[in-house]
2 protein chains.
Amino acid sequence: MVENAVQGDAEGTPPEGRAPRPDLAEMVMPLLRTLMAAEQPVLDAHGLTMWAYAVLLHLDETPIRTQAALAEAIRADKTRIIAVLDDLENRGLIRRRPDPKDRRARLLSLTTEGLRLRDSVQSAIQQGEEQRLLSQLPDEDRETFLRSLRTLSALAEQEASGTARDTARRPGRA
Amino acid sequence: MVENAVQGDAEGTPPEGRAPRPDLAEMVMPLLRTLMAAEQPVLDAHGLTMWAYAVLLHLDETPIRTQAALAEAIRADKTRIIAVLDDLENRGLIRRRPDPKDRRARLLSLTTEGLRLRDSVQSAIQQGEEQRLLSQLPDEDRETFLRSLRTLSALAEQEASGTARDTARRPGRA
DNA sequence: TATTGTTATACTCTATAACTATA
DNA sequence: TATAGTTATAGAGTATAACAATA
């Protein structure tokens, strides 16, 4: 039975025999691994963990009023980011002060220095991404790829936050 | 709380303030998380772990002569896949027999049943991917996206295997 | 002696549960 | 009493190191 006539996909013969394409996760996983491996030295050079960088990124985007909200936003456990916030605060990269209106909550914000650090780290990281990976794509493909990735990522976050909300939801009345 | 003014994703205003685009990892990470979350129920339904599925996928692609090679191919520790192989073998999904030419090594191959299972699982997974995510992309973007992802994934694997080889290499003479 | 596979151990990462303070 | 944050503990996942068989 010759059930897999190779379909002339891009240009060469596809490495695997059966499915017309690999699973998305099968392609995305090694990509992420390499991306993170490439980030690591940059982060190390600035004394940042991956979680710390995630915090800097997200605080820059949207100022946040509780640590729990920040944790959920970056998909971390609320107990996990505490040490991270301690460190960032001690190094003057973020501010963390009790909300006057509800002193249980902590108002979180970036300091100027934190924002500057975030800038230079992100710049270095994105430069590496361009040089190592994106530059290998034809220009018109690159644009489309980035736009599509952005769309899919947003969709993915939607689904994730949806299920997260479902999990967190207690049986309230209607 | 008015924290989520819907962002005009496609071409509207970018959600974050500084960089023209998010880091790749920042986009790829949630995508992978959602992909894996979507795979999980399918795998569960067939009694497969993620690693077991990876093994089935890779054995289908390229028959392999040692467990160590298989482990490296799917980026797992060689000690980790042993339990996985035990299970797959006991269930008759793979064959594992000593190489007559070197009885230290184990020849690994898919059984017919293993191949059939791999097929139906992969089919279900890819169907889910299409419905949940890929269908949201315009047709012409989708093709380009998949082709680009494939390219970048291959590049990433190259880099990874390169550094892996460096790590494994001992200082030889000359 | 070197290599393949295996088992046993230790370590890292992550989540769960218990505690303090504010409300 | 309920919630935000914190601390302490336990669990899952992973890698490291020692071992047996074969070369």
# chains A, B, ... in the order shown; residues from 1 in each chain; ligands from 1

call {"tool": "residues_around", "arguments": {"residues": "region 5-21 of chain C", "least_positions_apart": "5", "cutoff": "10 Å", "atoms": "only C-alpha atoms (C1' of nucleotides)", "output": "ChimeraX atom specification"}}
result
/A:76-77,79-80,103-104 /B:66-68,78-79,82,104-106 /D:4-21

call {"tool": "residues_around", "arguments": {"residues": "Arg116 (chain B)", "least_positions_apart": "5", "cutoff": "12 Å", "atoms": "only C-alpha atoms (C1' of nucleotides)", "output": "list of chain:residue names"}}
result
A:Arg18, B:His46, B:Leu56, B:Leu57, B:Asp60, B:Gly92, B:Leu93, B:Ile94, B:Leu110, B:Thr111, B:Val121, B:Gln122, B:Ser123

call {"tool": "interface_residues", "arguments": {"of": "chain B", "to": "chain A", "cutoff": "7 Å", "atoms": "only C-alpha atoms", "output": "list in words"}}
result
Ala10, Glu16, Gly17, Asp23, Ala25, Met27, Val28, Met29, Pro30, Leu31, Leu32, Thr34, Leu35, Met36, Glu61, Gln126, Leu133, Leu137, Asp141, Thr144, Phe145, Ser148, Leu149, Arg150, Leu152, Ser153, Ala156, Glu157 and Ala160 of chain B

call {"tool": "atom_distance", "arguments": {"atom1": "CA of Trp51 (chain A)", "atom2": "CA of Gln131 (chain A)"}}
result
24.3 Å

call {"tool": "atom_distance", "arguments": {"atom1": "CA of Ser161 (chain B)", "atom2": "CA of Glu72 (chain B)"}}
result
8.5 Å

call {"tool": "select_by_dssp", "arguments": {"residues": "chain B", "states": "strand (DSSP E)", "output": "PyMOL selection string"}}
result
chain B and resi 94-99+102-110

call {"tool": "atom_distance", "arguments": {"atom1": "CA of Ala71 (chain B)", "atom2": "CA of Arg97 (chain B)"}}
result
16.7 Å

call {"tool": "select_by_dssp", "arguments": {"residues": "chain B", "states": "alpha helix (DSSP H)", "output": "PyMOL selection string"}}
result
chain B and resi 24-45+50-61+67-73+81-90+112-132+139-168

call {"tool": "decode", "arguments": {"residues": "region 8-122 of chain A", "atoms": "C-alpha atoms", "output": "CSV table (one decimal), in the first residue's frame"}}
result
chain,number,residue,atom,x,y,z
A,8,GLY,CA,5.6,18.5,-2.7
A,9,ASP,CA,5.1,20.8,0.2
A,10,ALA,CA,7.7,23.5,0.3
A,11,GLU,CA,10.6,22.4,-1.8
A,12,GLY,CA,12.1,19.1,-0.6
A,13,THR,CA,10.7,15.9,0.6
A,14,PRO,CA,9.2,16.1,4.1
A,15,PRO,CA,11.1,14.1,6.7
A,16,GLU,CA,8.1,12.1,8.1
A,17,GLY,CA,6.0,9.7,6.1
A,18,ARG,CA,2.4,10.0,7.2
A,19,ALA,CA,0.8,13.3,8.2
A,20,PRO,CA,1.0,16.1,5.7
A,21,ARG,CA,2.6,18.3,8.4
A,22,PRO,CA,4.0,17.8,11.9
A,23,ASP,CA,1.9,18.6,14.9
A,24,LEU,CA,2.1,22.3,15.9
A,25,ALA,CA,3.5,21.4,19.3
A,26,GLU,CA,6.2,19.3,17.7
A,27,MET,CA,7.4,22.4,15.8
A,28,VAL,CA,6.8,25.0,18.5
A,29,MET,CA,8.5,23.1,21.3
A,30,PRO,CA,12.0,23.1,19.9
A,31,LEU,CA,11.6,26.6,18.8
A,32,LEU,CA,10.7,27.7,22.3
A,33,ARG,CA,13.6,25.7,23.7
A,34,THR,CA,16.1,27.5,21.5
A,35,LEU,CA,14.5,30.9,22.1
A,36,MET,CA,14.9,30.4,25.8
A,37,ALA,CA,18.4,29.1,25.5
A,38,ALA,CA,19.3,32.2,23.6
A,39,GLU,CA,17.7,34.4,26.2
A,40,GLN,CA,19.4,32.8,29.1
A,41,PRO,CA,22.9,34.4,28.6
A,42,VAL,CA,21.4,37.8,28.2
A,43,LEU,CA,19.3,37.4,31.3
A,44,ASP,CA,22.3,36.0,33.3
A,45,ALA,CA,24.4,39.0,32.3
A,46,HIS,CA,21.8,41.2,33.9
A,47,GLY,CA,21.1,39.0,36.9
A,48,LEU,CA,17.5,38.3,35.9
A,49,THR,CA,15.6,35.0,36.0
A,50,MET,CA,13.1,34.2,33.4
A,51,TRP,CA,10.3,35.0,35.9
A,52,ALA,CA,11.9,38.3,36.8
A,53,TYR,CA,12.0,39.3,33.2
A,54,ALA,CA,8.4,38.3,32.7
A,55,VAL,CA,7.5,40.5,35.6
A,56,LEU,CA,9.4,43.5,34.2
A,57,LEU,CA,7.7,42.9,30.8
A,58,HIS,CA,4.3,42.7,32.2
A,59,LEU,CA,4.6,45.6,34.6
A,60,ASP,CA,5.7,47.8,31.8
A,61,GLU,CA,2.6,46.8,29.8
A,62,THR,CA,0.0,47.2,32.4
A,63,PRO,CA,0.4,48.5,35.9
A,64,ILE,CA,-1.1,46.1,38.3
A,65,ARG,CA,-2.6,46.5,41.7
A,66,THR,CA,-2.2,43.1,43.3
A,67,GLN,CA,0.4,40.4,43.2
A,68,ALA,CA,-2.1,37.8,42.6
A,69,ALA,CA,-3.3,39.5,39.4
A,70,LEU,CA,0.3,39.8,38.2
A,71,ALA,CA,0.9,36.1,38.9
A,72,GLU,CA,-2.2,35.1,37.0
A,73,ALA,CA,-1.2,37.4,34.1
A,74,ILE,CA,2.2,35.7,33.7
A,75,ARG,CA,0.8,32.3,34.5
A,76,ALA,CA,2.8,31.8,37.6
A,77,ASP,CA,1.7,30.6,41.0
A,78,LYS,CA,1.2,33.6,43.4
A,79,THR,CA,3.6,32.0,45.9
A,80,ARG,CA,6.3,31.7,43.3
A,81,ILE,CA,6.7,35.3,42.3
A,82,ILE,CA,7.2,36.5,45.9
A,83,ALA,CA,11.0,35.9,46.0
A,84,VAL,CA,11.2,37.4,42.5
A,85,LEU,CA,9.4,40.6,43.7
A,86,ASP,CA,11.6,40.8,46.8
A,87,ASP,CA,14.7,40.7,44.7
A,88,LEU,CA,13.5,43.2,42.1
A,89,GLU,CA,12.4,45.5,44.9
A,90,ASN,CA,15.7,45.3,46.7
A,91,ARG,CA,17.5,46.1,43.5
A,92,GLY,CA,15.3,49.2,43.0
A,93,LEU,CA,13.8,47.9,39.8
A,94,ILE,CA,10.3,47.9,40.9
A,95,ARG,CA,8.3,49.6,43.6
A,96,ARG,CA,5.9,47.7,45.9
A,97,ARG,CA,3.8,49.7,48.3
A,98,PRO,CA,0.6,48.9,50.2
A,99,ASP,CA,-2.5,50.3,48.5
A,100,PRO,CA,-3.8,53.1,50.8
A,101,LYS,CA,-7.4,52.2,50.0
A,102,ASP,CA,-6.8,48.5,50.9
A,103,ARG,CA,-3.7,47.9,52.7
A,104,ARG,CA,-3.8,44.2,52.1
A,105,ALA,CA,-3.0,44.8,48.4
A,106,ARG,CA,0.4,45.8,47.0
A,107,LEU,CA,0.7,48.4,44.3
A,108,LEU,CA,3.3,47.3,41.8
A,109,SER,CA,5.2,49.6,39.4
A,110,LEU,CA,8.4,49.8,37.5
A,111,THR,CA,11.1,52.3,38.5
A,112,THR,CA,12.9,54.3,35.9
A,113,GLU,CA,15.9,52.0,36.4
A,114,GLY,CA,13.7,49.0,36.0
A,115,LEU,CA,12.3,50.3,32.8
A,116,ARG,CA,15.8,51.0,31.5
A,117,LEU,CA,17.0,47.6,32.3
A,118,ARG,CA,13.9,46.0,30.7
A,119,ASP,CA,14.6,48.1,27.6
A,120,SER,CA,18.2,47.1,27.1
A,121,VAL,CA,17.5,43.4,27.9
A,122,GLN,CA,14.6,43.3,25.5
